[in-house]
Amino acid sequence: MKNTPTKIIIHGTDVSQDLIKDQFNSTNTYHKSKDYPMSRSGLYIGYQRLITGGKNYKVKDDDEEGAHNNSTTPNGISLNLQSLGVAVGFDGDIEYMTVEHFKLLKAQVFEWQDKYDIPDSEVHYHRDWN
C-alpha cells in the first residue's frame with residue numbers, strides 16, 4: 001500500500017550520540033535485524049529520514065510505508081501508512097540533540113508540513129502513540 005501522510009512522527013534513536021557519533025549504519029543494521037522491510041533505496045531504516053552526523057539522510061521515499069510505529073488510528077489503518085517518520089540520532093532520556101540536528105529536524109518538519117498540508121496538531125513524538 002502507498003503511504004498517504006497526514007501526520008509527522010518524530011523519533012530519537014535512543015542511543016547516545018556520545019556512544020555512537022554517526023548512527024546511520026548502526027540504525028540500518030538494527031532495523032534489518034528486526035526484519036524491517038527494505039526501502040527502494042536498499043536500506044532497512046524504518047523512517048523516511050534519519051538525522052545524524054550533521055546530515056539529514058533520506059532513507060525512504062515519502063510514499064513508502066514506514067516501519068516506525070505499530071499503532072493504528074480510529075479508522076483502523078496503520079500509522080505507518082498515514083505518517084512520515086523522522087529520527088534524530090540521540091538518547092532523549094540522557095541528552096539533548098545538537099543545535100545542528102535541531103535545525104535540520106525543524107527544517108524537515110516544516111518542509112513536510114508545507115508539502116502535505118500537515119497542521120501543527122498532527123506533528124507528534126513517537127511516545128505520543130506508544
# chains A, B, ... in the order shown; residues from 1 in each chain; ligands from 1
call {"tool": "residues_around", "arguments": {"residues": "Asp35 in chain A", "least_positions_apart": "6", "cutoff": "12 Å", "atoms": "only C-alpha atoms", "output": "ChimeraX atom specification"}}
result
/A:28-29,43-46,67
call {"tool": "write_last_selection", "arguments": {"atoms": "N, CA, C and O atoms", "output": "PDB file, in the first residue's frame"}}
result
ATOM      1  N   ASN A  28      20.589   1.198  10.578  1.00  0.00           N
ATOM      2  CA  ASN A  28      20.237   0.324   9.457  1.00  0.00           C
ATOM      3  C   ASN A  28      20.433  -1.148   9.829  1.00  0.00           C
ATOM      4  O   ASN A  28      19.566  -1.986   9.567  1.00  0.00           O
ATOM      5  N   THR A  29      21.550  -1.466  10.477  1.00  0.00           N
ATOM      6  CA  THR A  29      21.824  -2.843  10.894  1.00  0.00           C
ATOM      7  C   THR A  29      20.802  -3.322  11.916  1.00  0.00           C
ATOM      8  O   THR A  29      20.289  -4.440  11.821  1.00  0.00           O
ATOM      9  N   LEU A  43      17.766   0.301   1.867  1.00  0.00           N
ATOM     10  CA  LEU A  43      18.033   0.428   3.297  1.00  0.00           C
ATOM     11  C   LEU A  43      16.888  -0.168   4.104  1.00  0.00           C
ATOM     12  O   LEU A  43      15.779  -0.324   3.607  1.00  0.00           O
ATOM     13  N   TYR A  44      17.161  -0.464   5.364  1.00  0.00           N
ATOM     14  CA  TYR A  44      16.164  -1.078   6.247  1.00  0.00           C
ATOM     15  C   TYR A  44      15.637  -0.121   7.310  1.00  0.00           C
ATOM     16  O   TYR A  44      14.755  -0.477   8.072  1.00  0.00           O
ATOM     17  N   ILE A  45      16.181   1.084   7.363  1.00  0.00           N
ATOM     18  CA  ILE A  45      15.765   2.064   8.359  1.00  0.00           C
ATOM     19  C   ILE A  45      14.272   2.328   8.190  1.00  0.00           C
ATOM     20  O   ILE A  45      13.797   2.544   7.082  1.00  0.00           O
ATOM     21  N   GLY A  46      13.534   2.314   9.304  1.00  0.00           N
ATOM     22  CA  GLY A  46      12.078   2.381   9.248  1.00  0.00           C
ATOM     23  C   GLY A  46      11.481   3.760   9.078  1.00  0.00           C
ATOM     24  O   GLY A  46      10.275   3.888   8.917  1.00  0.00           O
ATOM     25  N   ALA A  67       8.157   2.002   8.843  1.00  0.00           N
ATOM     26  CA  ALA A  67       8.180   0.907   9.816  1.00  0.00           C
ATOM     27  C   ALA A  67       8.640   1.526  11.124  1.00  0.00           C
ATOM     28  O   ALA A  67       9.662   1.173  11.675  1.00  0.00           O
TER      29      ALA A  67
END
call {"tool": "closest_residue", "arguments": {"among": "A:Tyr30, A:Tyr116, A:Tyr125, A:Tyr57", "to": "His101 in chain A", "atoms": "only C-alpha atoms"}}
result
A:Tyr57
call {"tool": "residues_around", "arguments": {"residues": "Leu84 in chain A", "least_positions_apart": "3", "cutoff": "10 Å", "atoms": "only C-alpha atoms", "output": "PDB file with C-alpha atoms, in the first residue's frame"}}
result
ATOM      1  CA  ASN A   3       1.742   5.940   2.327  1.00  0.00           C
ATOM      2  CA  THR A   4      -0.596   8.947   2.363  1.00  0.00           C
ATOM      3  CA  PRO A   5       0.868  11.227   5.052  1.00  0.00           C
ATOM      4  CA  THR A   6      -1.412  13.178   7.343  1.00  0.00           C
ATOM      5  CA  LYS A   7       0.903  13.096  10.375  1.00  0.00           C
ATOM      6  CA  ILE A   8       4.575  13.513  11.212  1.00  0.00           C
ATOM      7  CA  ILE A   9       6.136  11.357  13.927  1.00  0.00           C
ATOM      8  CA  ILE A  10       9.443  12.440  15.494  1.00  0.00           C
ATOM      9  CA  TYR A  47      11.813   6.165   8.998  1.00  0.00           C
ATOM     10  CA  GLN A  48      11.646   8.347   5.914  1.00  0.00           C
ATOM     11  CA  ARG A  49      14.507  10.460   7.284  1.00  0.00           C
ATOM     12  CA  LYS A  60      12.635   6.101   2.251  1.00  0.00           C
ATOM     13  CA  ASP A  61      10.517   7.931  -0.281  1.00  0.00           C
ATOM     14  CA  ASP A  62       7.622   9.779   1.311  1.00  0.00           C
ATOM     15  CA  ASP A  63       5.095   7.460  -0.353  1.00  0.00           C
ATOM     16  CA  GLU A  64       6.785   4.318   1.025  1.00  0.00           C
ATOM     17  CA  GLU A  65       5.245   2.672   4.055  1.00  0.00           C
ATOM     18  CA  GLY A  66       7.215   3.429   7.182  1.00  0.00           C
ATOM     19  CA  ALA A  67       8.180   0.907   9.816  1.00  0.00           C
ATOM     20  CA  HIS A  68       8.281   3.271  12.733  1.00  0.00           C
ATOM     21  CA  LEU A  79       0.045   4.898  11.263  1.00  0.00           C
ATOM     22  CA  ASN A  80       2.860   3.677   9.017  1.00  0.00           C
ATOM     23  CA  LEU A  81       0.528   4.317   6.055  1.00  0.00           C
ATOM     24  CA  VAL A 109       9.188  19.069   9.670  1.00  0.00           C
ATOM     25  CA  TRP A 112       6.713  18.209   5.110  1.00  0.00           C
ATOM     26  CA  VAL A 123       3.135  16.623  14.481  1.00  0.00           C
TER      27      VAL A 123
END
call {"tool": "closest_residue", "arguments": {"among": "A:Gly89, A:Met1, A:Ile77, A:Asn70", "to": "Asn25 in chain A", "atoms": "only C-alpha atoms"}}
result
A:Gly89
call {"tool": "closest_residue", "arguments": {"among": "A:Glu122, A:Asp128, A:Asp14, A:Asp117", "to": "Asp91 in chain A", "atoms": "only C-alpha atoms"}}
result
A:Asp14
call {"tool": "atom_distance", "arguments": {"atom1": "CA of Asp93 in chain A", "atom2": "CA of His31 in chain A"}}
result
20.8 Å
call {"tool": "atom_distance", "arguments": {"atom1": "CA of Gly85 in chain A", "atom2": "CA of Gln108 in chain A"}}
result
10.4 Å
call {"tool": "select_by_dssp", "arguments": {"residues": "range 14-126 of chain A", "states": "helix (DSSP H, G or I)", "output": "ChimeraX atom specification"}}
result
/A:24-33,79-81,99-116,120-122,126
call {"tool": "write_last_selection", "arguments": {"atoms": "C-alpha atoms", "output": "mmCIF file, in the first residue's frame"}}
result
data_model
loop_
_atom_site.group_PDB
_atom_site.id
_atom_site.type_symbol
_atom_site.label_atom_id
_atom_site.label_comp_id
_atom_site.auth_asym_id
_atom_site.auth_seq_id
_atom_site.Cartn_x
_atom_site.Cartn_y
_atom_site.Cartn_z
ATOM 1 C CA PHE A 24 23.295 5.750 10.247
ATOM 2 C CA ASN A 25 24.884 2.305 9.782
ATOM 3 C CA SER A 26 24.048 1.075 13.276
ATOM 4 C CA THR A 27 20.374 2.045 12.843
ATOM 5 C CA ASN A 28 20.237 0.324 9.457
ATOM 6 C CA THR A 29 21.824 -2.843 10.894
ATOM 7 C CA TYR A 30 19.497 -2.842 13.908
ATOM 8 C CA HIS A 31 16.350 -2.354 11.814
ATOM 9 C CA LYS A 32 17.490 -5.088 9.411
ATOM 10 C CA SER A 33 17.867 -7.455 12.399
ATOM 11 C CA LEU A 79 0.045 4.898 11.263
ATOM 12 C CA ASN A 80 2.860 3.677 9.017
ATOM 13 C CA LEU A 81 0.528 4.317 6.055
ATOM 14 C CA VAL A 99 21.737 22.552 17.807
ATOM 15 C CA GLU A 100 22.696 21.491 14.278
ATOM 16 C CA HIS A 101 20.427 18.440 14.428
ATOM 17 C CA PHE A 102 17.575 20.509 15.861
ATOM 18 C CA LYS A 103 17.850 22.923 12.924
ATOM 19 C CA LEU A 104 17.787 20.020 10.449
ATOM 20 C CA LEU A 105 14.782 18.478 12.222
ATOM 21 C CA LYS A 106 12.866 21.748 12.261
ATOM 22 C CA ALA A 107 13.557 22.338 8.553
ATOM 23 C CA GLN A 108 12.400 18.800 7.670
ATOM 24 C CA VAL A 109 9.188 19.069 9.670
ATOM 25 C CA PHE A 110 8.359 22.472 8.137
ATOM 26 C CA GLU A 111 9.105 21.137 4.630
ATOM 27 C CA TRP A 112 6.713 18.209 5.110
ATOM 28 C CA GLN A 113 4.055 20.406 6.686
ATOM 29 C CA ASP A 114 4.136 22.719 3.683
ATOM 30 C CA LYS A 115 4.267 19.910 1.111
ATOM 31 C CA TYR A 116 1.449 17.796 2.603
ATOM 32 C CA ASP A 120 0.969 21.536 13.895
ATOM 33 C CA SER A 121 -1.631 19.437 15.730
ATOM 34 C CA GLU A 122 -0.568 16.421 13.638
ATOM 35 C CA HIS A 126 6.726 8.645 18.956
#
call {"tool": "select_by_dssp", "arguments": {"residues": "chain A", "states": "strand (DSSP E or B)", "output": "list in words"}}
result
Lys7, Ile8, Ile9, Ile10, His11, Gly12, Arg49, Leu50, Ile51, Thr52, Lys55, Asn56, Tyr57, Lys58, Thr72, Ser78, Ser83, Leu84, Gly85, Val86, Ala87, Val88, Val123, His124 and Tyr125 of chain A
call {"tool": "atom_distance", "arguments": {"atom1": "CA of Asp22 in chain A", "atom2": "CA of Thr52 in chain A"}}
result
5.7 Å
